[in-house]
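These notes are about the structure you will find just below.
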Amino acid sequence: MLITIKPIRRPGKRTVDPARFEAELQKAQRKVIGLTKRDFNATVRTWKRKPTFTITTDSKGVISVSTDNPIYGYVNYGTKPHIIRPKRGKYLWFQTGYKAKTRPRVISSSNGGASGKLARAKQVRHPGTAARQFDKIIAERRRKTYVEEMRKAVQRSLK
């Protein structure tokens, strides 16, 4: 069970059915988890190789999202400027234009990718990538949703 409730009963006062209360809280939590997963999936909607997100909840109701995809980490946290060298052969082959599919602090993914003429180089100085901070913006958004859904769950359990 994610949440355990033990009622304190006062004589002559209306009490809450603990089973219904717990069911309502868990229903609200499942809704927030679904919305959180939807948000993370929206950030990779147009990716060719989409990462898989795992969502867990601990005994205190804390929702955690994780992925083992390193590329998502590079996009979410950003990268510093670095040099790229070929792994096989003497040259890197790449297209000269590029449009990012995502933007910092925006929960979406649009069309983008490489474009332009084909070029080659022995190495490239990559300027780095601005952190998208998907995790922070989704947490901010869903924290508000979580509080509101829990409030609604309490109200539903009192009816």
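For the structure tokens, the naming scheme is as follows: chains receive sequential letters (A, B, ...) according to their order of presentation, residues are indexed from 1 within each chain, and ligands are indexed from 1 in presentation order.
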
- Query: If you run DSSP on this backbone, which residues of segment 3-156 of chain A come out as helix (DSSP H, G or I), and could you give them as a ChimeraX atom specification?
  - Reply: /A:18-42,70-77,134-156

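The list of residues with at least one atom within 9 Å of Ala23 of chain A, based on only C-alpha atoms and without residues fewer than 5 positions apart in the same chain, reads Pro18, Ala28, Ala153 and Ser157 of chain A.
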
Hey, which bits of segment 24-77 of chain A sit within 10 Å of segment 127-132 of chain A, and for each residue what's the closest pair of atoms and how far apart in Å (one decimal), counting only C-alpha atoms, rows by chain and increasing number, as CSV?
residue,atom,partner,partner_atom,distance
A:Thr43,CA,A:Arg132,CA,9.6
A:Tyr72,CA,A:Arg132,CA,9.8
A:Gly73,CA,A:Ala131,CA,9.3
A:Tyr74,CA,A:Ala131,CA,7.8
A:Val75,CA,A:Arg132,CA,6.0
A:Asn76,CA,A:Arg132,CA,4.7
A:Tyr77,CA,A:Ala131,CA,4.5

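When only C-alpha atoms are used to compute distances to Arg38 of chain A, the closest of the residues A:Lys60, A:Glu24, A:Leu92, A:Ile55 turns out to be A:Ile55.
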
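Distance annotation: of A:Phe40, A:Phe134, A:Phe53, A:Phe94, the residue with the minimal separation from Asp68 of chain A is A:Phe53; atom set is only C-alpha atoms.
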
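With distances restricted to only C-alpha atoms, A:Ser109 is the closest residue to Arg45 of chain A from A:Ser64, A:Ser59, A:Ser109, A:Gln26.
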
- Identify, with DSSP run on backbone atoms, the residues in chain A assigned to strand (DSSP E), and express the list as a ChimeraX atom specification. /A:54-57,63-66,82-84,92-99,113-121,124-126

- Do a neighbour search on segment 139-148 of chain A at 12 Å with only C-alpha atoms, toss out local chain neighbours closer than 2 positions, and write the hits as a PyMOL selection string. chain A and resi 25-40+61-65+105-107+133-137+150-155

- Near Pro86 of chain A, counting only C-alpha atoms, which residues have an atom at most 8 Å away, once you skip same-chain residues fewer than 4 positions from it, shown as a ChimeraX atom specification? /A:90-92,122-123

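For the atom pair formed by atom CA of Thr54 of chain A and atom CA of Glu149 of chain A, the distance is 21.6 Å, given to one decimal.
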
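Our summary of the geometry notes that atom CA of Pro70 of chain A is positioned 17.8 Å from atom CA of Pro104 of chain A.
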